[in-house]
$ cat input_7.cif   # mmCIF, C-alpha atoms and all ligand atoms
data_structure
#
loop_
_atom_site.group_PDB
_atom_site.id
_atom_site.type_symbol
_atom_site.label_atom_id
_atom_site.label_comp_id
_atom_site.auth_asym_id
_atom_site.auth_seq_id
_atom_site.Cartn_x
_atom_site.Cartn_y
_atom_site.Cartn_z
ATOM 1 C CA MET A 1 147.969 124.717 110.140
ATOM 2 C CA THR A 2 148.403 121.149 111.340
ATOM 3 C CA ALA A 3 147.392 118.174 109.282
ATOM 4 C CA SER A 4 144.226 116.456 110.509
ATOM 5 C CA ALA A 5 144.413 112.858 111.670
ATOM 6 C CA PRO A 6 143.658 110.386 108.899
ATOM 7 C CA SER A 7 140.114 109.045 109.088
ATOM 8 C CA PRO A 8 139.808 105.291 109.559
ATOM 9 C CA SER A 9 139.639 103.414 106.288
ATOM 10 C CA PRO A 10 136.041 102.622 105.404
ATOM 11 C CA THR A 11 134.842 99.024 105.466
ATOM 12 C CA PRO A 12 134.976 97.736 101.897
ATOM 13 C CA LEU A 13 131.656 97.055 100.233
ATOM 14 C CA SER A 14 130.918 93.692 98.667
ATOM 15 C CA PRO A 15 130.282 93.660 94.900
ATOM 16 C CA ALA A 16 126.539 93.283 95.540
ATOM 17 C CA GLU A 17 126.552 96.199 97.972
ATOM 18 C CA THR A 18 128.514 98.354 95.534
ATOM 19 C CA GLN A 19 126.084 97.526 92.741
ATOM 20 C CA ALA A 20 123.032 98.308 94.891
ATOM 21 C CA LEU A 21 124.568 101.561 96.105
ATOM 22 C CA ASP A 22 125.443 102.630 92.555
ATOM 23 C CA GLN A 23 121.887 101.821 91.477
ATOM 24 C CA ALA A 24 120.357 103.766 94.360
ATOM 25 C CA LEU A 25 122.530 106.830 93.795
ATOM 26 C CA ALA A 26 122.114 106.788 90.020
ATOM 27 C CA HIS A 27 118.347 107.061 90.476
ATOM 28 C CA TRP A 28 118.030 109.261 93.540
ATOM 29 C CA GLN A 29 121.159 111.289 94.279
ATOM 30 C CA ALA A 30 120.014 114.301 92.273
ATOM 31 C CA GLU A 31 116.428 114.217 93.560
ATOM 32 C CA PRO A 32 115.256 116.367 96.463
ATOM 33 C CA GLY A 33 114.462 114.032 99.346
ATOM 34 C CA GLY A 34 116.233 111.242 97.486
ATOM 35 C CA LEU A 35 117.716 109.612 100.580
ATOM 36 C CA LEU A 36 114.555 107.741 101.539
ATOM 37 C CA PRO A 37 113.943 106.161 98.133
ATOM 38 C CA ALA A 38 117.658 105.370 97.887
ATOM 39 C CA LEU A 39 117.430 103.521 101.207
ATOM 40 C CA HIS A 40 114.460 101.583 99.855
ATOM 41 C CA VAL A 41 116.502 100.555 96.813
ATOM 42 C CA LEU A 42 119.293 99.288 99.064
ATOM 43 C CA GLN A 43 116.948 97.353 101.287
ATOM 44 C CA ASP A 44 115.013 95.896 98.344
ATOM 45 C CA GLU A 45 118.250 94.774 96.686
ATOM 46 C CA LEU A 46 120.185 93.569 99.740
ATOM 47 C CA GLY A 47 117.549 92.916 102.388
ATOM 48 C CA PHE A 48 119.121 95.503 104.686
ATOM 49 C CA ILE A 49 121.103 98.740 104.732
ATOM 50 C CA PRO A 50 124.761 97.799 105.207
ATOM 51 C CA PRO A 51 126.425 100.169 107.704
ATOM 52 C CA ALA A 52 129.371 100.421 105.309
ATOM 53 C CA THR A 53 127.156 102.345 102.858
ATOM 54 C CA LEU A 54 126.564 105.208 105.321
ATOM 55 C CA PRO A 55 129.632 107.289 104.404
ATOM 56 C CA ALA A 56 128.781 107.182 100.692
ATOM 57 C CA LEU A 57 125.109 107.974 101.360
ATOM 58 C CA ALA A 58 126.025 110.872 103.634
ATOM 59 C CA GLN A 59 128.387 112.309 101.055
ATOM 60 C CA ALA A 60 125.945 111.845 98.186
ATOM 61 C CA PHE A 61 123.102 113.634 99.975
ATOM 62 C CA GLY A 62 125.175 116.298 101.730
ATOM 63 C CA LEU A 63 124.359 114.965 105.194
ATOM 64 C CA SER A 64 126.351 113.746 108.167
ATOM 65 C CA ARG A 65 126.597 110.025 108.868
ATOM 66 C CA ALA A 66 124.630 110.648 112.055
ATOM 67 C CA GLU A 67 121.797 112.189 110.035
ATOM 68 C CA VAL A 68 121.674 109.217 107.667
ATOM 69 C CA HIS A 69 121.778 106.851 110.632
ATOM 70 C CA GLY A 70 118.957 108.846 112.213
ATOM 71 C CA VAL A 71 116.758 108.363 109.154
ATOM 72 C CA ILE A 72 117.488 104.625 109.028
ATOM 73 C CA THR A 73 116.683 104.094 112.683
ATOM 74 C CA TYR A 74 113.570 106.321 112.593
ATOM 75 C CA TYR A 75 111.781 104.012 110.172
ATOM 76 C CA HIS A 76 111.204 100.524 111.561
ATOM 77 C CA HIS A 77 111.037 99.192 108.018
ATOM 78 C CA PHE A 78 114.774 99.590 107.541
ATOM 79 C CA ARG A 79 117.082 96.855 108.775
ATOM 80 C CA GLN A 80 120.763 97.316 109.557
ATOM 81 C CA THR A 81 121.571 93.624 109.705
ATOM 82 C CA PRO A 82 120.952 90.913 107.113
ATOM 83 C CA PRO A 83 117.508 89.312 107.361
ATOM 84 C CA ALA A 84 117.135 85.785 108.704
ATOM 85 C CA HIS A 85 116.345 82.872 106.400
ATOM 86 C CA HIS A 86 112.725 82.858 107.604
ATOM 87 C CA CYS A 87 110.564 85.628 108.962
ATOM 88 C CA LEU A 88 107.444 85.292 111.088
ATOM 89 C CA GLY A 89 105.466 88.509 111.528
ATOM 90 C CA LEU A 90 102.847 88.365 114.250
ATOM 91 C CA CYS A 91 100.074 90.949 114.341
ATOM 92 C CA GLN A 92 100.052 92.732 117.693
ATOM 93 C CA ALA A 93 97.217 95.166 116.958
ATOM 94 C CA GLU A 94 94.071 95.424 119.048
ATOM 95 C CA ALA A 95 91.713 93.212 117.062
ATOM 96 C CA CYS A 96 94.208 90.347 116.965
ATOM 97 C CA GLN A 97 95.047 90.867 120.631
ATOM 98 C CA ALA A 98 91.354 90.377 121.397
ATOM 99 C CA ARG A 99 91.488 87.095 119.490
ATOM 100 C CA GLY A 100 94.485 85.534 121.210
ATOM 101 C CA ALA A 101 97.527 87.119 119.562
ATOM 102 C CA ARG A 102 99.329 87.408 122.879
ATOM 103 C CA ALA A 103 99.211 83.670 123.600
ATOM 104 C CA LEU A 104 100.093 82.904 119.984
ATOM 105 C CA THR A 105 103.113 85.201 120.212
ATOM 106 C CA GLN A 106 104.293 83.452 123.356
ATOM 107 C CA GLN A 107 103.887 80.094 121.647
ATOM 108 C CA ALA A 108 105.869 81.273 118.618
ATOM 109 C CA GLN A 109 108.658 82.574 120.857
ATOM 110 C CA ASP A 110 108.807 79.243 122.674
ATOM 111 C CA LEU A 111 108.739 77.143 119.499
ATOM 112 C CA LEU A 112 111.337 79.219 117.674
ATOM 113 C CA GLN A 113 113.479 80.034 120.716
ATOM 114 C CA CYS A 114 113.469 83.631 119.604
ATOM 115 C CA THR A 115 112.158 86.805 121.189
ATOM 116 C CA LEU A 116 109.703 89.056 119.382
ATOM 117 C CA GLY A 117 111.591 91.807 117.575
ATOM 118 C CA HIS A 118 114.785 89.777 117.320
ATOM 119 C CA THR A 119 116.678 87.444 115.039
ATOM 120 C CA ARG A 120 117.737 84.042 116.335
ATOM 121 C CA SER A 121 121.469 83.655 116.843
ATOM 122 C CA ASP A 122 121.738 81.040 114.071
ATOM 123 C CA HIS A 123 120.041 83.501 111.687
ATOM 124 C CA HIS A 124 117.349 81.025 110.636
ATOM 125 C CA TRP A 125 114.431 82.894 112.177
ATOM 126 C CA GLN A 126 113.395 86.408 112.898
ATOM 127 C CA LEU A 127 110.249 87.207 114.808
ATOM 128 C CA GLU A 128 108.614 90.545 114.048
ATOM 129 C CA ALA A 129 105.748 92.439 115.613
ATOM 130 C CA VAL A 130 103.477 93.860 112.923
ATOM 131 C CA SER A 131 100.755 96.406 113.544
ATOM 132 C CA CYS A 132 98.001 95.136 111.235
ATOM 133 C CA LEU A 133 97.832 92.760 108.293
ATOM 134 C CA GLY A 134 94.350 93.768 107.115
ATOM 135 C CA LEU A 135 92.778 90.576 108.430
ATOM 136 C CA CYS A 136 91.329 92.090 111.592
ATOM 137 C CA ALA A 137 88.007 90.239 111.378
ATOM 138 C CA SER A 138 89.759 86.890 111.152
ATOM 139 C CA GLY A 139 92.603 87.178 113.602
ATOM 140 C CA PRO A 140 94.891 86.288 115.034
ATOM 141 C CA ALA A 141 96.809 86.887 111.848
ATOM 142 C CA LEU A 142 100.424 86.383 110.908
ATOM 143 C CA MET A 143 102.717 86.558 107.917
ATOM 144 C CA LEU A 144 105.124 83.687 107.374
ATOM 145 C CA ASP A 145 107.815 84.343 104.773
ATOM 146 C CA GLY A 146 105.512 86.770 102.980
ATOM 147 C CA THR A 147 102.369 84.618 103.075
ATOM 148 C CA LEU A 148 99.373 85.758 105.114
ATOM 149 C CA HIS A 149 97.561 83.384 107.442
ATOM 150 C CA ALA A 150 94.345 84.176 109.322
ATOM 151 C CA GLN A 151 92.545 82.554 112.248
ATOM 152 C CA VAL A 152 95.741 80.931 113.429
ATOM 153 C CA ASP A 153 95.378 78.894 116.582
ATOM 154 C CA ALA A 154 98.040 77.012 118.538
ATOM 155 C CA GLN A 155 97.686 73.847 116.456
ATOM 156 C CA ARG A 156 97.863 75.704 113.159
ATOM 157 C CA LEU A 157 100.899 77.698 114.238
ATOM 158 C CA GLN A 158 102.698 74.504 115.149
ATOM 159 C CA ALA A 159 101.846 72.974 111.764
ATOM 160 C CA LEU A 160 102.912 76.084 109.858
ATOM 161 C CA LEU A 161 106.260 76.238 111.609
ATOM 162 C CA ALA A 162 106.843 72.499 111.333
ATOM 163 C CA ALA A 163 106.440 72.795 107.553
ATOM 164 C CA VAL A 164 109.379 75.204 107.323
ATOM 165 C CA PRO A 165 112.648 73.297 106.927
ATOM 166 C CA THR A 166 115.083 74.610 109.529
ATOM 167 C CA PRO A 167 117.900 72.918 111.344
ATOM 168 C CA PRO A 168 117.377 72.541 115.100
ATOM 169 C CA MET A 169 118.860 75.204 117.340
ATOM 170 C CA GLU A 170 122.278 74.177 118.576
ATOM 171 C CA SER A 171 122.376 73.629 122.287
ATOM 172 C CA SER A 172 124.329 76.322 124.113
ATOM 173 C CA SER A 173 125.393 73.908 126.856
HETATM 174 S S1 LIG B 1 94.468 93.746 113.927
HETATM 175 FE FE1 LIG B 1 95.548 91.995 113.313
HETATM 176 S S2 LIG B 1 95.219 91.953 111.186
HETATM 177 FE FE2 LIG B 1 94.338 93.840 111.805
#
$ encode --input "input_7.cif" --output "structure tokens" --more "lines below"
Ligand code: FES
Amino acid sequence: MTASAPSPSPTPLSPAETQALDQALAHWQAEPGGLLPALHVLQDELGFIPPATLPALAQAFGLSRAEVHGVITYYHHFRQTPPAHHCLGLCQAEACQARGARALTQQAQDLLQCTLGHTRSDHHWQLEAVSCLGLCASGPALMLDGTLHAQVDAQRLQALLAAVPTPPMESSS
């Protein structure tokens, strides 16, 4: 029998990542279907699921890394990169669309120089499409850093964003 090639050394986890992983596994490793709640613990603690935690998660739950990755990517809630400093979630559901969400989304993309569904390169803003914020009768609605806002028009969006302290985007030229 020949010796198998050594597997590449895993990326080291930061102390915070190690602590969050230990916490998640201590609570959920022995539970049937524990992977999902463990992922929630990681995301709640760190803001995202660090890719370096995949090998430990796979081993703990008796799955392959591909299976763990599949679960993470299946649920839009889970992030694989650190969140931006500020998050703007724009409702894209039907009732808000009927009340101008599309134009508001375009305005937000222009003001923040960021495309919906992405994080700006300087990591200060992320722009997310959300399906409904429960404010359908008073759309268009958005969530800015966890705070809901209803009946947002162009002027109000500009004021809301201007009130968030962010450095200007560096010019790429
Ligand atoms: S449709 Fe936008 S809040 Fe419900």
$ atom_distance --input "input_7.cif" --atom1 "CA of Asp110 (chain A)" --atom2 "CA of His85 (chain A)"
18.3 Å
$ closest_residue --input "input_7.cif" --among "A:Pro165, A:Gly139, A:Gly70, A:Gly34" --to "ligand LIG 1 (chain B)" --atoms "only C-alpha atoms and all ligand atoms"
A:Gly139
$ atom_distance --input "input_7.cif" --atom1 "CA of Val152 (chain A)" --atom2 "CA of Leu116 (chain A)"
17.2 Å
$ residues_near_ligand --input "input_7.cif" --ligand "ligand LIG 1 (chain B)" --cutoff "7 Å" --atoms "all atoms listed in the file" --output "PyMOL selection string"
chain A and resi 91-96+131-136+139-141
$ write_last_selection --input "input_7.cif" --atoms "C-alpha atoms" --output "mmCIF file, keeping the file's coordinate frame"
data_model
loop_
_atom_site.group_PDB
_atom_site.id
_atom_site.type_symbol
_atom_site.label_atom_id
_atom_site.label_comp_id
_atom_site.auth_asym_id
_atom_site.auth_seq_id
_atom_site.Cartn_x
_atom_site.Cartn_y
_atom_site.Cartn_z
ATOM 1 C CA CYS A 91 100.074 90.949 114.341
ATOM 2 C CA GLN A 92 100.052 92.732 117.693
ATOM 3 C CA ALA A 93 97.217 95.166 116.958
ATOM 4 C CA GLU A 94 94.071 95.424 119.048
ATOM 5 C CA ALA A 95 91.713 93.212 117.062
ATOM 6 C CA CYS A 96 94.208 90.347 116.965
ATOM 7 C CA SER A 131 100.755 96.406 113.544
ATOM 8 C CA CYS A 132 98.001 95.136 111.235
ATOM 9 C CA LEU A 133 97.832 92.760 108.293
ATOM 10 C CA GLY A 134 94.350 93.768 107.115
ATOM 11 C CA LEU A 135 92.778 90.576 108.430
ATOM 12 C CA CYS A 136 91.329 92.090 111.592
ATOM 13 C CA GLY A 139 92.603 87.178 113.602
ATOM 14 C CA PRO A 140 94.891 86.288 115.034
ATOM 15 C CA ALA A 141 96.809 86.887 111.848
#
$ closest_residue --input "input_7.cif" --among "A:Leu36, A:Ala163, A:Ala150, A:Ala129" --to "Tyr74 (chain A)" --atoms "all atoms listed in the file"
A:Leu36
$ atom_distance --input "input_7.cif" --atom1 "CA of Gln97 (chain A)" --atom2 "CA of Leu111 (chain A)"
19.4 Å
$ resolve_selection --input "input_7.cif" --expression "the PyMOL selection byres (((chain A and resi 25) around 12) and not hetatm)" --output "PyMOL selection string"
chain A and resi 18-24+26-31+34-42+53+56-61
$ closest_residue --input "input_7.cif" --among "A:Val68, A:Ala84, A:Pro12, A:Leu127" --to "Gln107 (chain A)" --atoms "all atoms listed in the file"
A:Leu127
$ decode --input "input_7.cif" --residues "region 11-30 of chain A" --atoms "N, CA, C and O atoms" --output "tab-separated table (two decimals), in the first residue's frame"
chain	number	residue	atom	x	y	z
A	11	THR	N	-6.29	26.33	6.61
A	11	THR	CA	-6.08	27.72	6.98
A	11	THR	C	-6.34	27.86	8.47
A	11	THR	O	-7.36	27.38	8.96
A	12	PRO	N	-5.44	28.50	9.20
A	12	PRO	CA	-5.67	28.62	10.64
A	12	PRO	C	-6.85	29.52	10.94
A	12	PRO	O	-7.10	30.50	10.23
A	13	LEU	N	-7.58	29.17	11.98
A	13	LEU	CA	-8.72	30.00	12.39
A	13	LEU	C	-8.24	31.08	13.34
A	13	LEU	O	-7.31	30.88	14.12
A	14	SER	N	-8.89	32.22	13.29
A	14	SER	CA	-8.58	33.29	14.25
A	14	SER	C	-9.14	32.87	15.61
A	14	SER	O	-9.99	31.97	15.68
A	15	PRO	N	-8.69	33.51	16.68
A	15	PRO	CA	-9.24	33.17	18.01
A	15	PRO	C	-10.76	33.31	18.05
A	15	PRO	O	-11.46	32.47	18.63
A	16	ALA	N	-11.29	34.35	17.42
A	16	ALA	CA	-12.75	34.55	17.44
A	16	ALA	C	-13.45	33.44	16.67
A	16	ALA	O	-14.51	32.95	17.09
A	17	GLU	N	-12.85	33.03	15.55
A	17	GLU	CA	-13.46	31.95	14.77
A	17	GLU	C	-13.40	30.63	15.54
A	17	GLU	O	-14.36	29.86	15.53
A	18	THR	N	-12.28	30.39	16.20
A	18	THR	CA	-12.15	29.16	16.99
A	18	THR	C	-13.19	29.14	18.10
A	18	THR	O	-13.85	28.13	18.34
A	19	GLN	N	-13.36	30.27	18.76
A	19	GLN	CA	-14.32	30.35	19.87
A	19	GLN	C	-15.75	30.11	19.36
A	19	GLN	O	-16.52	29.38	19.97
A	20	ALA	N	-16.09	30.74	18.24
A	20	ALA	CA	-17.44	30.57	17.69
A	20	ALA	C	-17.68	29.13	17.24
A	20	ALA	O	-18.76	28.57	17.45
A	21	LEU	N	-16.65	28.54	16.64
A	21	LEU	CA	-16.79	27.15	16.19
A	21	LEU	C	-16.95	26.21	17.38
A	21	LEU	O	-17.82	25.33	17.38
A	22	ASP	N	-16.15	26.42	18.41
A	22	ASP	CA	-16.26	25.59	19.62
A	22	ASP	C	-17.67	25.72	20.21
A	22	ASP	O	-18.28	24.74	20.63
A	23	GLN	N	-18.17	26.95	20.24
A	23	GLN	CA	-19.50	27.20	20.80
A	23	GLN	C	-20.58	26.49	19.97
A	23	GLN	O	-21.47	25.84	20.50
A	24	ALA	N	-20.45	26.59	18.66
A	24	ALA	CA	-21.45	25.97	17.77
A	24	ALA	C	-21.43	24.45	17.94
A	24	ALA	O	-22.49	23.81	18.05
A	25	LEU	N	-20.23	23.88	17.98
A	25	LEU	CA	-20.15	22.41	18.05
A	25	LEU	C	-20.54	21.91	19.43
A	25	LEU	O	-21.17	20.84	19.55
A	26	ALA	N	-20.22	22.67	20.47
A	26	ALA	CA	-20.59	22.24	21.82
A	26	ALA	C	-22.11	22.12	21.95
A	26	ALA	O	-22.63	21.23	22.61
A	27	HIS	N	-22.83	23.01	21.28
A	27	HIS	CA	-24.29	22.99	21.38
A	27	HIS	C	-24.95	22.02	20.41
A	27	HIS	O	-25.99	21.45	20.70
A	28	TRP	N	-24.38	21.86	19.22
A	28	TRP	CA	-25.13	21.22	18.14
A	28	TRP	C	-24.52	19.96	17.54
A	28	TRP	O	-25.20	19.26	16.80
A	29	GLN	N	-23.26	19.65	17.87
A	29	GLN	CA	-22.62	18.52	17.20
A	29	GLN	C	-23.37	17.21	17.44
A	29	GLN	O	-23.48	16.38	16.54
A	30	ALA	N	-23.89	17.03	18.63
A	30	ALA	CA	-24.54	15.75	18.95
A	30	ALA	C	-26.01	15.71	18.55
A	30	ALA	O	-26.67	14.68	18.71
